[in-house]
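Chemist: Here you go, this is data.txt (compact mmCIF, C-alpha atoms and all ligand atoms).
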```txt
# COMPACT_ATOMS: atom_id res chain seq x y z
CA MET A 1 101.07 96.63 96.17
CA GLN A 2 103.11 97.93 99.08
CA LEU A 3 104.79 101.28 99.72
CA PHE A 4 108.31 101.39 101.10
CA ILE A 5 108.98 104.78 102.73
CA GLU A 6 112.24 106.14 104.13
CA PRO A 7 112.00 109.05 106.56
CA PRO A 8 113.44 112.13 104.77
CA SER A 9 115.85 114.65 106.34
CA SER A 10 113.69 117.50 105.02
CA LEU A 11 110.32 117.98 103.41
CA ALA A 12 109.92 120.92 101.04
CA GLY A 13 108.05 121.92 97.90
CA THR A 14 104.79 123.04 96.33
CA LEU A 15 101.89 120.67 95.59
CA LYS A 16 98.53 121.00 93.88
CA PRO A 17 96.25 118.50 95.65
CA PRO A 18 93.80 116.54 93.47
CA GLY A 19 90.25 117.73 92.80
CA ASP A 20 87.74 117.55 95.62
CA LYS A 21 86.17 114.09 95.83
CA SER A 22 82.78 115.20 97.19
CA ILE A 23 82.37 117.93 94.55
CA SER A 24 83.49 115.63 91.69
CA HIS A 25 80.78 113.06 92.56
CA ARG A 26 78.10 115.70 92.87
CA ALA A 27 79.00 117.61 89.70
CA ALA A 28 78.78 114.36 87.71
CA ILE A 29 75.44 113.26 89.20
CA ILE A 30 73.78 116.67 88.91
CA GLY A 31 75.20 117.06 85.38
CA ALA A 32 73.67 113.70 84.40
CA LEU A 33 70.21 114.91 85.51
CA ALA A 34 70.49 118.32 83.82
CA GLU A 35 69.10 119.24 80.41
CA GLY A 36 72.24 120.00 78.39
CA THR A 37 75.99 119.55 78.52
CA THR A 38 77.92 119.89 81.77
CA VAL A 39 81.67 120.47 81.61
CA ILE A 40 83.84 119.63 84.63
CA GLU A 41 87.50 120.65 85.02
CA GLY A 42 89.70 119.32 87.81
CA PHE A 43 87.56 116.17 88.24
CA LEU A 44 89.18 113.74 90.69
CA GLU A 45 90.33 110.71 88.69
CA GLY A 46 90.31 108.55 91.83
CA ASP A 47 88.62 105.14 91.88
CA ASP A 48 85.62 106.45 93.87
CA CYS A 49 84.67 109.14 91.37
CA LEU A 50 85.33 106.74 88.48
CA SER A 51 82.76 104.43 90.15
CA THR A 52 80.20 107.25 89.94
CA LEU A 53 80.94 107.77 86.23
CA ARG A 54 80.69 103.99 85.60
CA CYS A 55 77.26 103.83 87.29
CA LEU A 56 75.99 106.90 85.43
CA ARG A 57 77.09 105.37 82.10
CA ALA A 58 75.21 102.17 83.02
CA LEU A 59 72.16 104.41 83.57
CA GLY A 60 72.39 105.58 79.96
CA VAL A 61 74.33 108.82 80.46
CA ASN A 62 76.80 109.66 77.71
CA ILE A 63 80.10 110.83 79.29
CA GLU A 64 83.44 111.79 77.73
CA GLY A 65 86.58 111.55 79.85
CA PRO A 66 88.00 111.88 82.33
CA HIS A 67 91.03 113.13 80.48
CA ARG A 68 93.46 115.18 82.60
CA GLY A 69 90.57 116.09 84.90
CA HIS A 70 88.28 117.13 82.05
CA VAL A 71 84.85 115.45 81.92
CA THR A 72 81.91 116.21 79.61
CA ILE A 73 78.50 114.95 80.72
CA TYR A 74 75.64 114.93 78.23
CA GLY A 75 72.76 115.32 80.68
CA LYS A 76 69.67 113.17 80.07
CA GLY A 77 67.27 115.32 82.06
CA MET A 78 65.61 113.95 85.20
CA PHE A 79 64.89 110.47 83.87
CA LEU A 80 67.66 107.97 83.22
CA LYS A 81 67.58 104.50 81.62
CA GLU A 82 66.94 101.23 83.46
CA PRO A 83 70.36 99.59 83.86
CA GLU A 84 70.85 96.20 82.21
CA ASP A 85 73.04 94.88 85.00
CA VAL A 86 73.93 95.42 88.64
CA LEU A 87 75.44 98.87 89.33
CA ASP A 88 78.86 98.67 91.01
CA ALA A 89 79.76 101.50 93.42
CA GLY A 90 83.15 99.90 94.22
CA ASN A 91 84.50 101.25 97.53
CA SER A 92 82.47 104.47 97.35
CA GLY A 93 79.84 105.21 99.99
CA THR A 94 79.15 108.56 98.33
CA THR A 95 78.36 106.85 95.00
CA MET A 96 75.99 104.36 96.61
CA ARG A 97 74.16 106.73 98.96
CA LEU A 98 73.78 109.64 96.51
CA LEU A 99 72.72 107.38 93.63
CA MET A 100 70.15 105.70 95.90
CA GLY A 101 68.45 109.10 96.11
CA VAL A 102 68.40 109.37 92.31
CA LEU A 103 67.30 105.74 91.77
CA ALA A 104 64.45 106.23 94.25
CA GLY A 105 63.04 108.81 91.83
CA GLN A 106 63.36 106.67 88.68
CA PRO A 107 60.34 104.65 87.51
CA PHE A 108 62.40 101.48 86.98
CA TYR A 109 64.13 98.63 88.77
CA SER A 110 67.82 98.72 89.62
CA VAL A 111 70.30 96.91 91.85
CA ILE A 112 73.42 98.51 93.35
CA THR A 113 76.31 96.84 95.14
CA GLY A 114 79.93 97.48 96.01
CA ASP A 115 83.15 95.92 97.27
CA PRO A 116 83.31 93.95 100.56
CA SER A 117 83.96 97.15 102.58
CA LEU A 118 80.93 98.93 101.09
CA ARG A 119 78.68 95.87 101.45
CA TRP A 120 79.38 96.02 105.20
CA ARG A 121 78.50 99.74 105.64
CA PRO A 122 75.11 100.91 107.01
CA MET A 123 72.59 101.81 104.29
CA GLY A 124 69.41 101.84 106.42
CA ARG A 125 70.12 105.54 107.05
CA VAL A 126 69.19 106.20 103.39
CA THR A 127 66.86 103.29 102.64
CA ARG A 128 64.48 104.04 105.56
CA PRO A 129 63.68 107.68 104.63
CA LEU A 130 63.64 106.84 100.89
CA LYS A 131 61.03 104.12 101.60
CA THR A 132 58.99 106.70 103.53
CA MET A 133 59.05 108.83 100.36
CA GLY A 134 57.52 105.88 98.46
CA ALA A 135 60.45 103.97 96.95
CA GLN A 136 60.44 100.18 97.29
CA ILE A 137 63.85 98.98 98.47
CA TRP A 138 65.14 95.54 99.38
CA GLY A 139 68.52 94.63 100.76
CA ARG A 140 70.30 92.23 103.07
CA ASN A 141 69.51 92.55 106.75
CA GLY A 142 66.14 94.23 106.17
CA GLY A 143 67.43 96.85 103.72
CA GLU A 144 70.45 97.75 105.86
CA LEU A 145 73.18 96.26 103.66
CA ALA A 146 74.02 96.14 99.93
CA PRO A 147 73.34 94.69 97.44
CA LEU A 148 70.24 96.89 97.42
CA SER A 149 67.48 96.67 94.84
CA ILE A 150 65.12 99.54 94.17
CA GLN A 151 61.87 100.04 92.37
CA GLY A 152 61.60 103.81 92.30
CA GLY A 153 59.20 106.47 91.07
CA ASN A 154 56.14 108.33 92.29
CA LEU A 155 57.81 109.89 95.35
CA GLN A 156 56.13 112.00 97.99
CA SER A 157 57.94 114.79 99.80
CA LEU A 158 59.44 114.24 103.23
CA SER A 159 60.06 116.25 106.37
CA TYR A 160 62.98 114.64 108.16
CA THR A 161 65.59 115.33 110.83
CA LEU A 162 68.77 113.34 110.24
CA PRO A 163 69.58 111.09 113.21
CA VAL A 164 73.32 111.32 112.36
CA ALA A 165 75.17 114.29 110.84
CA SER A 166 75.85 112.91 107.35
CA ALA A 167 76.32 114.87 104.14
CA GLN A 168 75.79 111.68 102.16
CA VAL A 169 72.37 111.03 103.69
CA LYS A 170 71.40 114.71 103.39
CA SER A 171 72.47 114.74 99.72
CA SER A 172 70.67 111.48 98.94
CA LEU A 173 67.40 112.89 100.31
CA LEU A 174 67.84 116.24 98.52
CA LEU A 175 68.37 114.38 95.22
CA ALA A 176 65.24 112.30 95.90
CA GLY A 177 63.45 115.55 96.72
CA LEU A 178 64.03 116.69 93.10
CA PHE A 179 61.57 113.95 92.04
CA ALA A 180 59.01 114.32 94.82
CA ARG A 181 55.67 116.10 94.71
CA GLY A 182 55.84 119.18 96.95
CA GLU A 183 58.55 120.39 99.32
CA THR A 184 61.07 118.09 101.03
CA ILE A 185 62.50 119.51 104.27
CA ILE A 186 65.73 118.11 105.75
CA SER A 187 67.23 119.24 109.07
CA GLU A 188 70.68 118.24 110.26
CA PRO A 189 71.88 118.00 113.87
CA PHE A 190 75.21 119.69 112.98
CA PRO A 191 76.20 121.45 109.75
CA THR A 192 77.84 119.04 107.25
CA ARG A 193 79.50 119.73 103.90
CA ASP A 194 77.10 121.71 101.74
CA HIS A 195 78.46 121.07 98.23
CA SER A 196 75.17 119.50 97.08
CA GLU A 197 73.23 122.58 98.13
CA ARG A 198 75.67 124.90 96.31
CA LEU A 199 75.68 122.87 93.07
CA LEU A 200 71.92 122.20 93.07
CA LYS A 201 71.27 125.92 93.47
CA ALA A 202 73.70 126.69 90.63
CA ALA A 203 71.75 124.16 88.50
CA GLY A 204 68.52 126.07 89.18
CA ALA A 205 66.90 123.73 91.73
CA ALA A 206 64.22 125.28 93.96
CA LEU A 207 66.36 125.00 97.11
CA ASP A 208 66.49 127.20 100.20
CA VAL A 209 68.75 126.95 103.22
CA GLU A 210 67.69 128.36 106.60
CA GLY A 211 70.27 127.57 109.28
CA GLN A 212 70.51 123.77 109.48
CA THR A 213 67.29 123.18 107.52
CA ILE A 214 67.21 122.74 103.74
CA LYS A 215 64.03 122.86 101.68
CA ILE A 216 63.81 121.58 98.12
CA SER A 217 60.81 121.46 95.80
CA GLY A 218 60.48 118.74 93.19
CA GLY A 219 59.50 118.85 89.56
CA ARG A 220 61.81 121.59 88.27
CA PRO A 221 64.29 120.70 85.48
CA LEU A 222 68.01 121.25 86.14
CA LYS A 223 70.33 123.42 84.05
CA PRO A 224 73.77 122.14 83.02
CA LEU A 225 76.84 123.33 84.94
CA ALA A 226 80.38 124.48 84.19
CA VAL A 227 82.35 123.32 87.23
CA VAL A 228 85.99 123.97 88.08
CA VAL A 229 86.61 121.57 90.98
CA PRO A 230 88.89 123.05 93.67
CA GLY A 231 91.62 120.98 95.37
CA ASP A 232 90.50 118.54 98.06
CA ILE A 233 91.26 119.75 101.60
CA SER A 234 90.92 116.12 102.76
CA ALA A 235 93.86 115.22 100.48
CA ALA A 236 95.81 118.39 101.39
CA ALA A 237 95.37 117.50 105.09
CA PHE A 238 97.94 114.68 104.84
CA PHE A 239 100.61 117.18 103.84
CA MET A 240 99.42 119.79 106.34
CA VAL A 241 100.11 117.28 109.10
CA ALA A 242 103.38 116.19 107.43
CA GLY A 243 104.57 119.82 107.38
CA CYS A 244 103.64 120.39 111.02
CA ILE A 245 105.28 117.25 112.42
CA HIS A 246 108.50 117.05 110.38
CA PRO A 247 111.34 119.08 111.98
CA HIS A 248 112.59 120.48 108.63
CA ALA A 249 109.48 121.18 106.57
CA ASP A 250 108.19 123.95 104.36
CA ILE A 251 105.25 123.06 102.11
CA ILE A 252 102.84 125.08 99.97
CA LEU A 253 99.51 123.52 98.99
CA LYS A 254 97.86 125.33 96.07
CA ASN A 255 94.20 125.89 95.21
CA VAL A 256 92.62 124.12 98.19
CA ASN A 257 88.86 124.22 98.85
CA LEU A 258 88.26 126.35 101.96
CA ASN A 259 84.52 125.76 102.36
CA PRO A 260 83.91 126.41 106.10
CA THR A 261 82.12 123.03 106.44
CA ARG A 262 85.47 121.38 105.57
CA THR A 263 88.16 123.46 107.30
CA GLY A 264 88.05 121.88 110.76
CA ILE A 265 91.52 120.39 110.21
CA ILE A 266 93.05 123.87 109.76
CA ASP A 267 91.34 125.12 112.94
CA VAL A 268 92.52 122.15 115.01
CA LEU A 269 96.12 122.09 113.73
CA LYS A 270 96.34 125.83 114.45
CA ALA A 271 94.90 125.25 117.95
CA MET A 272 97.65 122.61 118.44
CA GLY A 273 100.30 125.22 117.58
CA GLY A 274 100.60 124.42 113.85
CA GLN A 275 102.45 126.97 111.71
CA ILE A 276 99.77 127.26 109.03
CA THR A 277 99.06 130.32 106.92
CA VAL A 278 96.07 130.48 104.60
CA ILE A 279 96.22 132.78 101.57
CA PRO A 280 92.68 133.25 100.17
CA ARG A 281 92.49 133.18 96.35
CA GLY A 282 88.83 133.95 95.68
CA GLU A 283 86.24 131.44 94.52
CA SER A 284 86.06 128.43 92.23
CA SER A 285 82.54 127.44 91.10
CA GLY A 286 80.91 128.89 94.19
CA GLU A 287 83.46 127.44 96.65
CA PRO A 288 86.10 129.54 98.48
CA VAL A 289 89.69 128.51 97.59
CA GLY A 290 93.17 129.43 98.73
CA ASP A 291 96.79 128.37 99.15
CA ILE A 292 98.06 126.92 102.42
CA HIS A 293 101.61 127.36 103.72
CA VAL A 294 102.74 124.86 106.37
CA ALA A 295 106.03 124.80 108.27
CA SER A 296 107.61 122.69 111.05
CA SER A 297 105.74 123.24 114.31
CA GLN A 298 105.83 122.34 118.00
CA LEU A 299 102.41 120.74 118.38
CA HIS A 300 100.59 120.23 121.66
CA GLY A 301 97.52 118.09 122.44
CA VAL A 302 93.86 119.22 122.18
CA GLU A 303 90.36 118.07 123.08
CA ILE A 304 87.85 117.97 120.24
CA GLY A 305 84.23 116.87 119.80
CA GLY A 306 80.72 118.12 118.99
CA ALA A 307 80.02 120.28 115.93
CA LEU A 308 83.69 120.29 114.93
CA ILE A 309 83.67 116.56 114.13
CA PRO A 310 81.69 116.66 110.84
CA ARG A 311 84.02 119.48 109.70
CA LEU A 312 87.05 117.14 109.87
CA ILE A 313 85.63 113.61 109.99
CA ASP A 314 87.84 112.29 107.16
CA GLU A 315 90.96 113.94 108.59
CA ILE A 316 90.83 112.21 112.00
CA PRO A 317 93.19 109.33 111.01
CA VAL A 318 95.94 111.79 110.08
CA LEU A 319 95.09 114.07 113.00
CA ALA A 320 95.78 111.05 115.24
CA VAL A 321 99.30 110.96 113.73
CA ALA A 322 99.79 114.65 114.65
CA ALA A 323 98.54 113.96 118.20
CA ALA A 324 100.88 110.94 118.55
CA VAL A 325 103.97 113.16 118.15
CA ALA A 326 102.61 116.28 119.91
CA SER A 327 103.36 117.11 123.52
CA GLY A 328 100.61 116.21 125.98
CA GLU A 329 97.31 114.43 125.65
CA THR A 330 94.71 114.57 122.85
CA LEU A 331 91.10 113.51 123.37
CA ILE A 332 88.83 113.00 120.34
CA ARG A 333 85.13 112.35 121.18
CA ASP A 334 81.76 112.21 119.34
CA ALA A 335 83.36 110.48 116.35
CA ALA A 336 81.66 107.05 116.52
CA GLU A 337 80.91 107.46 112.78
CA LEU A 338 84.57 106.52 112.21
CA ARG A 339 83.58 102.93 113.00
CA VAL A 340 81.46 102.73 109.81
CA LYS A 341 83.77 104.42 107.29
CA GLU A 342 85.78 102.47 104.69
CA SER A 343 87.01 100.48 107.71
CA ASP A 344 86.45 100.64 111.47
CA ARG A 345 88.87 103.55 111.70
CA ILE A 346 88.82 103.67 115.50
CA THR A 347 90.02 100.09 115.93
CA LEU A 348 92.42 100.07 112.97
CA VAL A 349 94.04 103.52 113.40
CA ALA A 350 94.79 102.58 117.02
CA ARG A 351 96.11 99.13 116.05
CA GLU A 352 98.31 100.21 113.11
CA LEU A 353 99.69 103.40 114.70
CA GLY A 354 100.30 101.33 117.83
CA LYS A 355 102.64 99.12 115.74
CA MET A 356 104.68 102.29 115.07
CA GLY A 357 105.02 102.99 118.79
CA ALA A 358 102.20 105.54 119.16
CA SER A 359 100.46 105.61 122.52
CA ILE A 360 96.86 105.58 121.32
CA GLN A 361 93.80 104.15 123.01
CA ALA A 362 90.58 103.42 121.09
CA LEU A 363 87.44 104.79 122.78
CA PRO A 364 83.87 103.89 121.76
CA ASP A 365 83.58 107.24 119.93
CA GLY A 366 87.17 108.41 119.41
CA PHE A 367 90.70 108.22 120.78
CA LEU A 368 92.82 109.11 123.78
CA ILE A 369 96.36 109.77 122.60
CA GLN A 370 99.50 110.48 124.65
CA GLY A 371 101.93 112.47 122.49
CA ASN A 372 105.63 111.57 122.48
CA ARG A 373 106.81 115.25 122.53
CA GLY A 374 108.28 115.27 119.03
CA GLY A 375 110.12 111.95 119.45
CA ASP A 376 110.43 109.47 116.59
CA LEU A 377 107.82 106.84 115.85
CA ARG A 378 109.08 103.34 114.99
CA GLY A 379 109.55 102.19 111.40
CA ALA A 380 107.31 99.13 111.02
CA ILE A 381 105.34 96.91 108.67
CA VAL A 382 101.76 98.21 108.73
CA ASP A 383 98.58 97.62 106.73
CA SER A 384 95.98 99.92 105.13
CA HIS A 385 93.28 97.23 105.54
CA GLY A 386 92.01 98.48 102.17
CA ASP A 387 91.22 101.93 103.64
CA HIS A 388 92.83 104.76 101.64
CA ARG A 389 92.85 107.30 104.45
CA LEU A 390 94.34 104.84 106.94
CA GLY A 391 97.05 103.94 104.39
CA MET A 392 97.95 107.61 103.78
CA ALA A 393 97.88 108.48 107.50
CA LEU A 394 100.40 105.67 108.10
CA ALA A 395 102.56 107.00 105.24
CA ILE A 396 102.65 110.41 106.96
CA ALA A 397 103.60 108.76 110.27
CA ALA A 398 106.43 107.02 108.37
CA LEU A 399 107.99 110.45 107.64
CA VAL A 400 108.90 110.86 111.33
CA ALA A 401 109.86 107.25 112.06
CA ASP A 402 113.33 106.06 113.13
CA GLY A 403 113.68 103.81 110.06
CA PRO A 404 111.87 102.62 106.94
CA THR A 405 108.17 101.70 106.98
CA VAL A 406 106.32 99.30 104.71
CA ILE A 407 102.63 99.97 104.05
CA ARG A 408 100.82 96.88 102.83
CA GLY A 409 97.67 97.12 100.72
CA ALA A 410 98.69 100.49 99.25
CA GLU A 411 96.75 100.11 95.98
CA CYS A 412 93.70 101.57 97.78
CA LEU A 413 95.38 105.00 97.95
CA ALA A 414 94.07 105.47 94.37
CA VAL A 415 90.53 105.65 95.81
CA SER A 416 91.00 109.35 96.60
CA TYR A 417 94.61 110.35 95.87
CA PRO A 418 96.17 108.54 92.88
CA GLN A 419 99.17 110.94 92.86
CA PHE A 420 99.96 110.45 96.57
CA SER A 421 103.35 108.71 96.09
CA ALA A 422 104.31 111.11 93.30
CA HIS A 423 103.52 114.05 95.62
CA MET A 424 105.63 112.47 98.39
CA SER A 425 108.53 112.31 95.90
CA ILE A 426 108.09 115.98 94.93
CA LEU A 427 108.64 116.86 98.61
CA GLY A 428 111.87 114.83 98.65
CA VAL A 429 110.64 111.58 100.19
CA LYS A 430 112.21 108.31 99.00
CA VAL A 431 109.14 106.20 98.31
CA LYS A 432 109.03 102.96 96.33
CA GLU A 433 105.98 101.08 95.10
CA GLU A 434 106.68 97.32 95.12
C1 LIG B 1 81.05 112.64 102.19
C2 LIG B 1 80.51 112.71 103.44
C3 LIG B 1 81.13 112.08 104.62
C4 LIG B 1 82.59 111.75 104.37
C5 LIG B 1 82.80 111.07 103.04
C6 LIG B 1 82.33 111.97 101.91
C7 LIG B 1 80.31 113.26 101.06
O1 LIG B 1 80.45 110.86 104.91
O2 LIG B 1 83.10 110.95 105.41
O3 LIG B 1 84.16 110.77 102.84
O4 LIG B 1 80.88 113.45 99.97
O5 LIG B 1 79.13 113.58 101.26
P1 LIG B 1 79.11 110.81 105.80
O6 LIG B 1 78.02 111.47 105.07
O7 LIG B 1 78.84 109.33 105.98
O8 LIG B 1 79.45 111.49 107.08
```
Represent the structure from my file as structure tokens, please.
Modeler:
Amino acid sequence: MQLFIEPPSSLAGTLKPPGDKSISHRAAIIGALAEGTTVIEGFLEGDDCLSTLRCLRALGVNIEGPHRGHVTIYGKGMFLKEPEDVLDAGNSGTTMRLLMGVLAGQPFYSVITGDPSLRWRPMGRVTRPLKTMGAQIWGRNGGELAPLSIQGGNLQSLSYTLPVASAQVKSSLLLAGLFARGETIISEPFPTRDHSERLLKAAGAALDVEGQTIKISGGRPLKPLAVVVPGDISAAAFFMVAGCIHPHADIILKNVNLNPTRTGIIDVLKAMGGQITVIPRGESSGEPVGDIHVASSQLHGVEIGGALIPRLIDEIPVLAVAAAVASGETLIRDAAELRVKESDRITLVARELGKMGASIQALPDGFLIQGNRGGDLRGAIVDSHGDHRLGMALAIAALVADGPTVIRGAECLAVSYPQFSAHMSILGVKVKEE
């Protein structure tokens, strides 16, 4: 499928972004391990979270839905059923890495794989520490690449400092820690999204957080949850950038998760001169939420790196679009992780935005971007390369192009934002799926 996008003369309206992807995965997995019935509202019906539900069903978990964001999970308690076939995580790194932590604790044999993108992504970062805890794991390239097979059970606790700041690795090890004898201690080099910690605590896990160290004790049963998933700031980010860069824009984004481990994109767009107002609206299932008002802005370049990067890692492709039309230079460093996301986002963001006339240089760990001072980009034929966030970032660039843009490989947008085209239309964009 391809998207055909015409640059609109104005961009206005109110959107409710889809449910948070990270929280949807975690609520389903923790609900499956709980004793009792977990009810989730606002579950993201994107392909990634559907992959998690498919794997949990194959592990014997009875699940109703999703139906209009409503999911009921009949928790099995800590021990699931040996799957009869290979588990398929699709395109979802979160599904594979988090479930590896659960499978490591199960006294049975399982195999997990994914699509070509996922089979190319590094898994040694979870398989190595899980093996240290006592799981037996085999995979291509010495356990680095899927398909991965696991004989789990009988885990020992672990004391471990993550070599890379990764919420997926942290969460995988915390889930494994639920099954281990004694206390598992995980330290992270920079704070990463803490949704697992919040939901595990709500489910009654013996979990303590001290700064960047998390301690979890195994052997305690989990209680079921009632989760209302807030809107995904990583989805909202596309329209935050759209509102800032379009000369006639006024957009309201409702019910967005404002967890401070996720709000780096708001901080950076504001630092670039973005007209962004946040209206706090309390909490949703232990996560701060609010509405975000965005209006046309005169953006200027910034330099970012360090601890900020994990707080906006998924937003860097669309941030590159903002930088490409800002005034001055933007330097993004310390983001080498982008090379092992759903695609090599450093190479492909630079290549595809380059086709639209952006002046963007790929660096080993980021980008150097020369903004065009609010000038138009070029309408072009570009490709998502099967990466949802690259596809959507290009669609946002298309809103300030001098003519129509075609985005090839647009079916992958359903990985995290199935309503993306519909939301473009609500704002007044002429967008056709062909
Ligand atoms: C996620 C963590 C991040 C992020 C991904 C979702 C999560 O990945 O890029 O989209 O839900 O834990 P890493 O843990 O690899 O940084």
Chemist: What does the list of residues within 10 Å of ligand LIG 1 (chain B) look like if you count all atoms listed in the file, written as an mmCIF file with C-alpha atoms, in the frame of the given file?
Modeler:
```cif
data_model
loop_
_atom_site.group_PDB
_atom_site.id
_atom_site.type_symbol
_atom_site.label_atom_id
_atom_site.label_comp_id
_atom_site.auth_asym_id
_atom_site.auth_seq_id
_atom_site.Cartn_x
_atom_site.Cartn_y
_atom_site.Cartn_z
ATOM 1 C CA ASP A 20 87.740 117.550 95.620
ATOM 2 C CA LYS A 21 86.170 114.090 95.830
ATOM 3 C CA SER A 22 82.780 115.200 97.190
ATOM 4 C CA ILE A 23 82.370 117.930 94.550
ATOM 5 C CA SER A 24 83.490 115.630 91.690
ATOM 6 C CA HIS A 25 80.780 113.060 92.560
ATOM 7 C CA ARG A 26 78.100 115.700 92.870
ATOM 8 C CA SER A 92 82.470 104.470 97.350
ATOM 9 C CA GLY A 93 79.840 105.210 99.990
ATOM 10 C CA THR A 94 79.150 108.560 98.330
ATOM 11 C CA THR A 95 78.360 106.850 95.000
ATOM 12 C CA ARG A 97 74.160 106.730 98.960
ATOM 13 C CA LEU A 98 73.780 109.640 96.510
ATOM 14 C CA ARG A 121 78.500 99.740 105.640
ATOM 15 C CA PRO A 122 75.110 100.910 107.010
ATOM 16 C CA MET A 123 72.590 101.810 104.290
ATOM 17 C CA ARG A 125 70.120 105.540 107.050
ATOM 18 C CA VAL A 164 73.320 111.320 112.360
ATOM 19 C CA ALA A 165 75.170 114.290 110.840
ATOM 20 C CA SER A 166 75.850 112.910 107.350
ATOM 21 C CA ALA A 167 76.320 114.870 104.140
ATOM 22 C CA GLN A 168 75.790 111.680 102.160
ATOM 23 C CA VAL A 169 72.370 111.030 103.690
ATOM 24 C CA LYS A 170 71.400 114.710 103.390
ATOM 25 C CA SER A 171 72.470 114.740 99.720
ATOM 26 C CA SER A 172 70.670 111.480 98.940
ATOM 27 C CA THR A 192 77.840 119.040 107.250
ATOM 28 C CA ARG A 193 79.500 119.730 103.900
ATOM 29 C CA ASP A 194 77.100 121.710 101.740
ATOM 30 C CA HIS A 195 78.460 121.070 98.230
ATOM 31 C CA SER A 196 75.170 119.500 97.080
ATOM 32 C CA SER A 234 90.920 116.120 102.760
ATOM 33 C CA ILE A 309 83.670 116.560 114.130
ATOM 34 C CA PRO A 310 81.690 116.660 110.840
ATOM 35 C CA ARG A 311 84.020 119.480 109.700
ATOM 36 C CA LEU A 312 87.050 117.140 109.870
ATOM 37 C CA ILE A 313 85.630 113.610 109.990
ATOM 38 C CA ASP A 314 87.840 112.290 107.160
ATOM 39 C CA GLU A 315 90.960 113.940 108.590
ATOM 40 C CA GLU A 337 80.910 107.460 112.780
ATOM 41 C CA LEU A 338 84.570 106.520 112.210
ATOM 42 C CA VAL A 340 81.460 102.730 109.810
ATOM 43 C CA LYS A 341 83.770 104.420 107.290
ATOM 44 C CA GLU A 342 85.780 102.470 104.690
ATOM 45 C CA ARG A 389 92.850 107.300 104.450
ATOM 46 C CA SER A 416 91.000 109.350 96.600
#
```
Chemist: Any idea what the distance is between CA of Gly19 in chain A and CA of Arg333 in chain A?
Modeler: 29.3 Å
Chemist: So the first atom is CA of Gly13 in chain A and the second is CA of Ile279 in chain A; what is the distance between them in Å, to one decimal place?
Modeler: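 Computed distance, CA of Gly13 in chain A to CA of Ile279 in chain A, equals 16.5 Å.
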Chemist: Skipping near chain neighbours, those fewer than 5 positions away, what residues fall within 9 Å of range 292-302 of chain A using only C-alpha atoms, listed as an mmCIF file with C-alpha atoms, keeping the file's coordinate frame?
Modeler:
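The resulting file, result.cif, is shown below:
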```
data_model
loop_
_atom_site.group_PDB
_atom_site.id
_atom_site.type_symbol
_atom_site.label_atom_id
_atom_site.label_comp_id
_atom_site.auth_asym_id
_atom_site.auth_seq_id
_atom_site.Cartn_x
_atom_site.Cartn_y
_atom_site.Cartn_z
ATOM 1 C CA ALA A 236 95.810 118.390 101.390
ATOM 2 C CA PHE A 239 100.610 117.180 103.840
ATOM 3 C CA MET A 240 99.420 119.790 106.340
ATOM 4 C CA VAL A 241 100.110 117.280 109.100
ATOM 5 C CA ALA A 242 103.380 116.190 107.430
ATOM 6 C CA GLY A 243 104.570 119.820 107.380
ATOM 7 C CA CYS A 244 103.640 120.390 111.020
ATOM 8 C CA ILE A 245 105.280 117.250 112.420
ATOM 9 C CA HIS A 246 108.500 117.050 110.380
ATOM 10 C CA PRO A 247 111.340 119.080 111.980
ATOM 11 C CA HIS A 248 112.590 120.480 108.630
ATOM 12 C CA ALA A 249 109.480 121.180 106.570
ATOM 13 C CA ASP A 250 108.190 123.950 104.360
ATOM 14 C CA ILE A 251 105.250 123.060 102.110
ATOM 15 C CA ILE A 252 102.840 125.080 99.970
ATOM 16 C CA LEU A 253 99.510 123.520 98.990
ATOM 17 C CA LYS A 254 97.860 125.330 96.070
ATOM 18 C CA ASN A 255 94.200 125.890 95.210
ATOM 19 C CA VAL A 256 92.620 124.120 98.190
ATOM 20 C CA VAL A 268 92.520 122.150 115.010
ATOM 21 C CA LEU A 269 96.120 122.090 113.730
ATOM 22 C CA LYS A 270 96.340 125.830 114.450
ATOM 23 C CA ALA A 271 94.900 125.250 117.950
ATOM 24 C CA MET A 272 97.650 122.610 118.440
ATOM 25 C CA GLY A 273 100.300 125.220 117.580
ATOM 26 C CA GLY A 274 100.600 124.420 113.850
ATOM 27 C CA GLN A 275 102.450 126.970 111.710
ATOM 28 C CA ILE A 276 99.770 127.260 109.030
ATOM 29 C CA THR A 277 99.060 130.320 106.920
ATOM 30 C CA VAL A 278 96.070 130.480 104.600
ATOM 31 C CA ILE A 279 96.220 132.780 101.570
ATOM 32 C CA PRO A 280 92.680 133.250 100.170
ATOM 33 C CA ALA A 322 99.790 114.650 114.650
ATOM 34 C CA ALA A 323 98.540 113.960 118.200
ATOM 35 C CA ALA A 324 100.880 110.940 118.550
ATOM 36 C CA VAL A 325 103.970 113.160 118.150
ATOM 37 C CA ALA A 326 102.610 116.280 119.910
ATOM 38 C CA SER A 327 103.360 117.110 123.520
ATOM 39 C CA GLY A 328 100.610 116.210 125.980
ATOM 40 C CA GLU A 329 97.310 114.430 125.650
ATOM 41 C CA THR A 330 94.710 114.570 122.850
ATOM 42 C CA LEU A 331 91.100 113.510 123.370
ATOM 43 C CA ILE A 332 88.830 113.000 120.340
ATOM 44 C CA ILE A 369 96.360 109.770 122.600
ATOM 45 C CA GLN A 370 99.500 110.480 124.650
ATOM 46 C CA GLY A 371 101.930 112.470 122.490
ATOM 47 C CA ARG A 373 106.810 115.250 122.530
ATOM 48 C CA GLY A 374 108.280 115.270 119.030
#
```
